[in-house]
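S.K.: Next up is a structure, given as structure tokens.
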Amino acid sequence: MDIPIINVKENNAALAEEILAAVSRVIRHGQYILGPSVESFEAAVADRLGVGHVVAVNSGTDALWLTLKALAIGPGDEVITTPNTFVATVAAIHHAGAIPCLVDVGDDENLDPVALADAVGPRTRAVIAVHLRGRPARMREIAAIAERNGLVVIEDASQAFGATLDGVPAGRLARAGCFSLHPQKILGACGDAGMVTTDDGELAASLRLLRNHGLMTRDSVATWGFNSRLDPLQAEILRMKLRHIDATIARHRRVAARYHAALAGLPLRLPREAPAEHCVYYHYSIMSDRRDALREFLRGRGIDASVHYPTPIHRQPAARGILIGRGGVANCERQACEQLSLPIYAHLTDIDVLTIVNAVRAFHREPALEALPLTERIQ
Ligand SMILES: Cc1ncc(COP(=O)(O)O)c(C=O)c1O
């Protein structure tokens with residue numbers, strides 16, 4: 001494809017010198033498991049998000065399931081989330097031994113608080129709210145329902161580093177924020193990585209044990225844990241990348257604003273941003289009644305538009321017999337047929353964006369634009 005959906009290689013190539021310097025720091029200090037690089041990264045994220053504790057782990061999947069485990073959520077418990085997410089959200093619930101209960105999403109593609117309220121049952125213990133595509137879920141309503149019903153709220157903030165709701169960053173909007181730091185994420189390592197953010201010191205302490213074999217000291221095991229430590233090489237690279245994160249997010253938002261202005265008026269549903277929200281546009285997700293034809297048209301022009309996610313989780317072969325649904329998932333089903341992600345990444349050029357919007361316009365028989373509208377704001 002001439003224009004890929006995401007271009008991690010190019011993003012990293014621009015930082016190659018700094019990445020090599022970060023790696024070199026670890027090679028030289030010689031602490032290759034946990035140690036100062038991991039601690040410095042955790043401190044830098046805590047400072048950035050204004051959160052009490054950050055526990056770095058080796059993936060977003062482990063961030064989620066170790067958090068459930070640390071909160072003693074497991075066999076006999078139900079955890080509510082949506083079917084419109086990456087499979088790991090639901091896998092984490094399953095691996096914790098709990099039952100995933102999938103409820104519908106709203107037009108924002110995130111957990112619908114009304115569906116959540118209807119789905120709470122006597123065995124419901126927790127809710128995982130996914131901030132899909134870098135747009136915060138409706139956390140105020142979700143928190144109110146959780147409080148009424150004594151539920152723990154966990155954020156799956158994997159796609160939303162840097163997003164805020166009412167000025168509060170993702171990762172500080174619930175009891176725990178679970179992040180993937182996979183190479184494709186807004187804050188992405190050069191390999192697998194993840195972290196949990198929380199103001200709950202006890203939870204952080206449990207997570208620190210669980211990620212490191214349950215070891216209190218080298219020879220003393222407090223609980224049976226796992227090996228889910230963040231690699232110091234990745235920690236050092238991530239700490240460096242954190243210094244560039246505002247520029248990365250600004251570029252995602254600028255691309256999104258330009259898509260928004262150039263595609264307005266076409267028979268598409270474009271993503272919206274409510275005044276209280278600051279979205280990071282991990283995906284730029286549009287809805288079209290003619291999604292498959294549009295996707296093929298774009299691919300024919302070398303533009304890699306993709307569907308996230310074509311098969312909702314409840315339709316996955318692995319889901320058979322391990323989850324429950326309450327209240328129907330009609331919005332999710334519809335969105336799975338209509339959703340299309342357009343390329344978005346820090347090094348996508350304005351010329352690429354113009355090529356993409358003109359291809360989308362050509363599909364709808366609209367004249368090409370000579371230049372991108374200069375709108376900076378999305379409403
Ligand atoms: C919403 C969501 N949850 C969980 C994950 C799992 O993260 P990881 O691949 O780091 O295990 C991802 C990313 O891949 C994700 O996008």
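Every chain in the structure tokens has a letter given in the order shown (A, B, ...), and although residue numbers restart at 1 in each chain, ligands are simply numbered from 1 in the order shown.
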Hey, could you make a per-residue contact list for chain A against ligand 1 with 7 Å as the cut-off, showing the nearest pair of atoms and its distance in Å to one decimal, counting only C-alpha atoms and all ligand atoms, sorted by chain and number, as JSON lines?
M.R.:
```
{"residue": "A:Ser59", "atom": "CA", "partner": "ligand 1", "partner_atom_place_in_ligand_line": "10 (O)", "distance": 3.9}
{"residue": "A:Gly60", "atom": "CA", "partner": "ligand 1", "partner_atom_place_in_ligand_line": "7 (O)", "distance": 3.5}
{"residue": "A:Thr61", "atom": "CA", "partner": "ligand 1", "partner_atom_place_in_ligand_line": "11 (O)", "distance": 3.7}
{"residue": "A:Asp62", "atom": "CA", "partner": "ligand 1", "partner_atom_place_in_ligand_line": "11 (O)", "distance": 6.4}
{"residue": "A:Thr85", "atom": "CA", "partner": "ligand 1", "partner_atom_place_in_ligand_line": "1 (C)", "distance": 5.5}
{"residue": "A:Phe86", "atom": "CA", "partner": "ligand 1", "partner_atom_place_in_ligand_line": "2 (C)", "distance": 4.9}
{"residue": "A:Ala88", "atom": "CA", "partner": "ligand 1", "partner_atom_place_in_ligand_line": "4 (C)", "distance": 4.7}
{"residue": "A:Thr89", "atom": "CA", "partner": "ligand 1", "partner_atom_place_in_ligand_line": "3 (N)", "distance": 5.0}
{"residue": "A:Val130", "atom": "CA", "partner": "ligand 1", "partner_atom_place_in_ligand_line": "1 (C)", "distance": 6.0}
{"residue": "A:Leu132", "atom": "CA", "partner": "ligand 1", "partner_atom_place_in_ligand_line": "1 (C)", "distance": 6.3}
{"residue": "A:Asp156", "atom": "CA", "partner": "ligand 1", "partner_atom_place_in_ligand_line": "3 (N)", "distance": 5.9}
{"residue": "A:Ala157", "atom": "CA", "partner": "ligand 1", "partner_atom_place_in_ligand_line": "1 (C)", "distance": 6.8}
{"residue": "A:Ser158", "atom": "CA", "partner": "ligand 1", "partner_atom_place_in_ligand_line": "2 (C)", "distance": 4.9}
{"residue": "A:Gln159", "atom": "CA", "partner": "ligand 1", "partner_atom_place_in_ligand_line": "16 (O)", "distance": 5.4}
{"residue": "A:Ser180", "atom": "CA", "partner": "ligand 1", "partner_atom_place_in_ligand_line": "10 (O)", "distance": 3.9}
{"residue": "A:Leu181", "atom": "CA", "partner": "ligand 1", "partner_atom_place_in_ligand_line": "10 (O)", "distance": 5.7}
{"residue": "A:His182", "atom": "CA", "partner": "ligand 1", "partner_atom_place_in_ligand_line": "10 (O)", "distance": 4.8}
{"residue": "A:Asp192", "atom": "CA", "partner": "ligand 1", "partner_atom_place_in_ligand_line": "10 (O)", "distance": 5.9}
{"residue": "A:Ala193", "atom": "CA", "partner": "ligand 1", "partner_atom_place_in_ligand_line": "10 (O)", "distance": 5.8}
{"residue": "A:Gly194", "atom": "CA", "partner": "ligand 1", "partner_atom_place_in_ligand_line": "10 (O)", "distance": 5.7}
```
S.K.: Please report as JSON lines every residue of stretch 55-90 of chain A lying within 9 Å of stretch 323-342 of chain A, along with the nearest atom pair and their distance in Å (one decimal), using only C-alpha atoms.
M.R.:
```
{"residue": "A:Glu78", "atom": "CA", "partner": "A:Ile324", "partner_atom": "CA", "distance": 9.0}
{"residue": "A:Thr82", "atom": "CA", "partner": "A:Cys332", "partner_atom": "CA", "distance": 8.5}
{"residue": "A:Pro83", "atom": "CA", "partner": "A:Cys332", "partner_atom": "CA", "distance": 7.2}
{"residue": "A:Asn84", "atom": "CA", "partner": "A:Cys332", "partner_atom": "CA", "distance": 6.3}
{"residue": "A:Val90", "atom": "CA", "partner": "A:Leu323", "partner_atom": "CA", "distance": 8.9}
```
S.K.: Output the selection as an mmCIF file, in the first residue's frame - N, CA, C and O atoms for each residue.
M.R.:
```cif
data_model
loop_
_atom_site.group_PDB
_atom_site.id
_atom_site.type_symbol
_atom_site.label_atom_id
_atom_site.label_comp_id
_atom_site.auth_asym_id
_atom_site.auth_seq_id
_atom_site.Cartn_x
_atom_site.Cartn_y
_atom_site.Cartn_z
ATOM 1 N N GLU A 78 -18.852 -11.694 37.613
ATOM 2 C CA GLU A 78 -19.065 -11.216 36.242
ATOM 3 C C GLU A 78 -18.409 -9.850 36.090
ATOM 4 O O GLU A 78 -18.453 -9.021 37.004
ATOM 5 N N THR A 82 -17.583 -4.253 26.662
ATOM 6 C CA THR A 82 -18.280 -4.238 25.371
ATOM 7 C C THR A 82 -17.667 -5.266 24.416
ATOM 8 O O THR A 82 -16.492 -5.646 24.580
ATOM 9 N N PRO A 83 -18.443 -5.675 23.404
ATOM 10 C CA PRO A 83 -17.888 -6.608 22.418
ATOM 11 C C PRO A 83 -17.081 -5.892 21.344
ATOM 12 O O PRO A 83 -16.449 -6.520 20.511
ATOM 13 N N ASN A 84 -17.094 -4.551 21.371
ATOM 14 C CA ASN A 84 -16.436 -3.761 20.337
ATOM 15 C C ASN A 84 -15.091 -3.277 20.868
ATOM 16 O O ASN A 84 -14.904 -2.098 21.134
ATOM 17 N N VAL A 90 -11.415 -8.901 26.720
ATOM 18 C CA VAL A 90 -12.265 -10.017 27.151
ATOM 19 C C VAL A 90 -11.396 -11.209 27.580
ATOM 20 O O VAL A 90 -11.704 -11.888 28.565
#
```
S.K.: According to DSSP computed on the backbone, where in stretch 69-185 of chain A is there strand (DSSP E)? Give the residues as a PDB file with N, CA and C atoms, in the first residue's frame.
M.R.:
```pdb
ATOM      1  N   GLU A  78     -18.852 -11.694  37.613  1.00  0.00           N
ATOM      2  CA  GLU A  78     -19.065 -11.216  36.242  1.00  0.00           C
ATOM      3  C   GLU A  78     -18.409  -9.850  36.090  1.00  0.00           C
ATOM      4  N   VAL A  79     -17.838  -9.636  34.917  1.00  0.00           N
ATOM      5  CA  VAL A  79     -17.228  -8.340  34.599  1.00  0.00           C
ATOM      6  C   VAL A  79     -17.857  -7.842  33.302  1.00  0.00           C
ATOM      7  N   ILE A  80     -18.398  -6.630  33.361  1.00  0.00           N
ATOM      8  CA  ILE A  80     -19.090  -6.086  32.180  1.00  0.00           C
ATOM      9  C   ILE A  80     -18.120  -5.273  31.328  1.00  0.00           C
ATOM     10  N   THR A  81     -18.162  -5.514  30.034  1.00  0.00           N
ATOM     11  CA  THR A  81     -17.458  -4.669  29.067  1.00  0.00           C
ATOM     12  C   THR A  81     -18.209  -4.746  27.740  1.00  0.00           C
ATOM     13  N   ILE A  99     -16.461 -14.203  34.467  1.00  0.00           N
ATOM     14  CA  ILE A  99     -17.292 -14.355  33.267  1.00  0.00           C
ATOM     15  C   ILE A  99     -17.459 -12.993  32.612  1.00  0.00           C
ATOM     16  N   PRO A 100     -17.040 -12.854  31.334  1.00  0.00           N
ATOM     17  CA  PRO A 100     -17.254 -11.586  30.644  1.00  0.00           C
ATOM     18  C   PRO A 100     -18.741 -11.430  30.310  1.00  0.00           C
ATOM     19  N   CYS A 101     -19.301 -10.279  30.619  1.00  0.00           N
ATOM     20  CA  CYS A 101     -20.694  -9.972  30.271  1.00  0.00           C
ATOM     21  C   CYS A 101     -20.637  -8.787  29.306  1.00  0.00           C
ATOM     22  N   LEU A 102     -21.037  -9.031  28.060  1.00  0.00           N
ATOM     23  CA  LEU A 102     -20.862  -8.008  27.025  1.00  0.00           C
ATOM     24  C   LEU A 102     -22.153  -7.237  26.788  1.00  0.00           C
ATOM     25  N   THR A 124     -22.311  -9.316  39.381  1.00  0.00           N
ATOM     26  CA  THR A 124     -21.430  -8.332  38.720  1.00  0.00           C
ATOM     27  C   THR A 124     -20.501  -7.712  39.753  1.00  0.00           C
ATOM     28  N   ARG A 125     -19.202  -7.753  39.479  1.00  0.00           N
ATOM     29  CA  ARG A 125     -18.219  -7.172  40.399  1.00  0.00           C
ATOM     30  C   ARG A 125     -17.529  -5.937  39.823  1.00  0.00           C
ATOM     31  N   ALA A 126     -17.361  -5.923  38.482  1.00  0.00           N
ATOM     32  CA  ALA A 126     -16.530  -4.862  37.905  1.00  0.00           C
ATOM     33  C   ALA A 126     -16.990  -4.504  36.499  1.00  0.00           C
ATOM     34  N   VAL A 127     -16.537  -3.333  36.068  1.00  0.00           N
ATOM     35  CA  VAL A 127     -16.784  -2.851  34.702  1.00  0.00           C
ATOM     36  C   VAL A 127     -15.434  -2.488  34.112  1.00  0.00           C
ATOM     37  N   ILE A 128     -15.184  -2.932  32.895  1.00  0.00           N
ATOM     38  CA  ILE A 128     -13.996  -2.425  32.187  1.00  0.00           C
ATOM     39  C   ILE A 128     -14.495  -1.497  31.088  1.00  0.00           C
ATOM     40  N   ALA A 129     -14.215  -0.207  31.257  1.00  0.00           N
ATOM     41  CA  ALA A 129     -14.620   0.794  30.262  1.00  0.00           C
ATOM     42  C   ALA A 129     -13.442   1.012  29.312  1.00  0.00           C
ATOM     43  N   VAL A 130     -13.657   0.697  28.046  1.00  0.00           N
ATOM     44  CA  VAL A 130     -12.596   0.859  27.040  1.00  0.00           C
ATOM     45  C   VAL A 130     -12.743   2.248  26.415  1.00  0.00           C
ATOM     46  N   VAL A 152     -16.426  -2.191  40.918  1.00  0.00           N
ATOM     47  CA  VAL A 152     -15.112  -1.585  40.649  1.00  0.00           C
ATOM     48  C   VAL A 152     -15.088  -1.156  39.180  1.00  0.00           C
ATOM     49  N   VAL A 153     -14.573   0.034  38.908  1.00  0.00           N
ATOM     50  CA  VAL A 153     -14.410   0.450  37.500  1.00  0.00           C
ATOM     51  C   VAL A 153     -12.924   0.424  37.143  1.00  0.00           C
ATOM     52  N   ILE A 154     -12.637  -0.204  36.017  1.00  0.00           N
ATOM     53  CA  ILE A 154     -11.268  -0.286  35.485  1.00  0.00           C
ATOM     54  C   ILE A 154     -11.303   0.323  34.090  1.00  0.00           C
ATOM     55  N   GLU A 155     -10.325   1.150  33.785  1.00  0.00           N
ATOM     56  CA  GLU A 155     -10.236   1.682  32.416  1.00  0.00           C
ATOM     57  C   GLU A 155      -9.348   0.762  31.576  1.00  0.00           C
ATOM     58  N   ASP A 156      -9.788   0.417  30.369  1.00  0.00           N
ATOM     59  CA  ASP A 156      -8.861  -0.091  29.361  1.00  0.00           C
ATOM     60  C   ASP A 156      -8.504   1.124  28.523  1.00  0.00           C
ATOM     61  N   THR A 164      -8.255  13.177  27.636  1.00  0.00           N
ATOM     62  CA  THR A 164      -8.791  13.643  28.919  1.00  0.00           C
ATOM     63  C   THR A 164     -10.312  13.772  28.839  1.00  0.00           C
ATOM     64  N   LEU A 165     -10.927  13.718  30.012  1.00  0.00           N
ATOM     65  CA  LEU A 165     -12.362  13.963  30.147  1.00  0.00           C
ATOM     66  C   LEU A 165     -12.520  14.955  31.293  1.00  0.00           C
ATOM     67  N   VAL A 168      -9.431  15.599  33.154  1.00  0.00           N
ATOM     68  CA  VAL A 168      -8.771  14.508  33.902  1.00  0.00           C
ATOM     69  C   VAL A 168      -8.260  13.471  32.897  1.00  0.00           C
ATOM     70  N   PRO A 169      -6.989  13.101  32.992  1.00  0.00           N
ATOM     71  CA  PRO A 169      -6.450  12.182  31.980  1.00  0.00           C
ATOM     72  C   PRO A 169      -6.960  10.748  32.105  1.00  0.00           C
ATOM     73  N   ALA A 176      -8.407   1.922  38.449  1.00  0.00           N
ATOM     74  CA  ALA A 176      -7.136   1.567  37.801  1.00  0.00           C
ATOM     75  C   ALA A 176      -7.235   1.853  36.309  1.00  0.00           C
ATOM     76  N   GLY A 177      -6.127   2.298  35.739  1.00  0.00           N
ATOM     77  CA  GLY A 177      -6.050   2.513  34.288  1.00  0.00           C
ATOM     78  C   GLY A 177      -5.067   1.515  33.707  1.00  0.00           C
ATOM     79  N   CYS A 178      -5.544   0.712  32.749  1.00  0.00           N
ATOM     80  CA  CYS A 178      -4.680  -0.300  32.142  1.00  0.00           C
ATOM     81  C   CYS A 178      -4.308   0.142  30.733  1.00  0.00           C
ATOM     82  N   PHE A 179      -3.028   0.156  30.448  1.00  0.00           N
ATOM     83  CA  PHE A 179      -2.540   0.647  29.153  1.00  0.00           C
ATOM     84  C   PHE A 179      -1.732  -0.432  28.455  1.00  0.00           C
ATOM     85  N   SER A 180      -1.974  -0.596  27.172  1.00  0.00           N
ATOM     86  CA  SER A 180      -1.011  -1.270  26.308  1.00  0.00           C
ATOM     87  C   SER A 180      -0.043  -0.203  25.821  1.00  0.00           C
TER      88      SER A 180
END
```
S.K.: Rank nothing, just name the residue among A:Ile303, A:Ala144, A:Leu209, A:Ala160 nearest to A:Ile249, using only C-alpha atoms.
M.R.: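 Looking only at the distances to A:Ile249, the closest residue turns out to be A:Ala160.
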S.K.: Quick one: residues within 10 Å of stretch 32-39 of chain A, only C-alpha atoms, excluding same-chain residues fewer than 3 positions away - as a ChimeraX atom specification?
M.R.: /A:22,25-29,42-44,54-57,212,229-239
S.K.: Provide the atom CA of A:Ser206 to atom CA of A:Ala91 distance in Å, to one decimal place.
M.R.: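 If I compute the distance from atom CA of A:Ser206 to atom CA of A:Ala91, I get 20.8 Å.
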S.K.: For A:His278, find every residue with an atom within 12 Å (counting only C-alpha atoms), except residues of its own chain fewer than 4 positions away, and show them as a list of chain:residue names.
M.R.: A:His131, A:Arg133, A:Gly134, A:Arg135, A:Pro136, A:Ala137, A:Ala160, A:Phe161, A:Gly162, A:Ala163, A:Thr164, A:Leu165, A:Asp166, A:Gly167, A:Val168, A:Pro169, A:Ala170, A:Ile249, A:Ala250, A:His252, A:Arg253, A:Arg272, A:Glu273, A:Ala274, A:Arg377, A:Ile378, A:Gln379
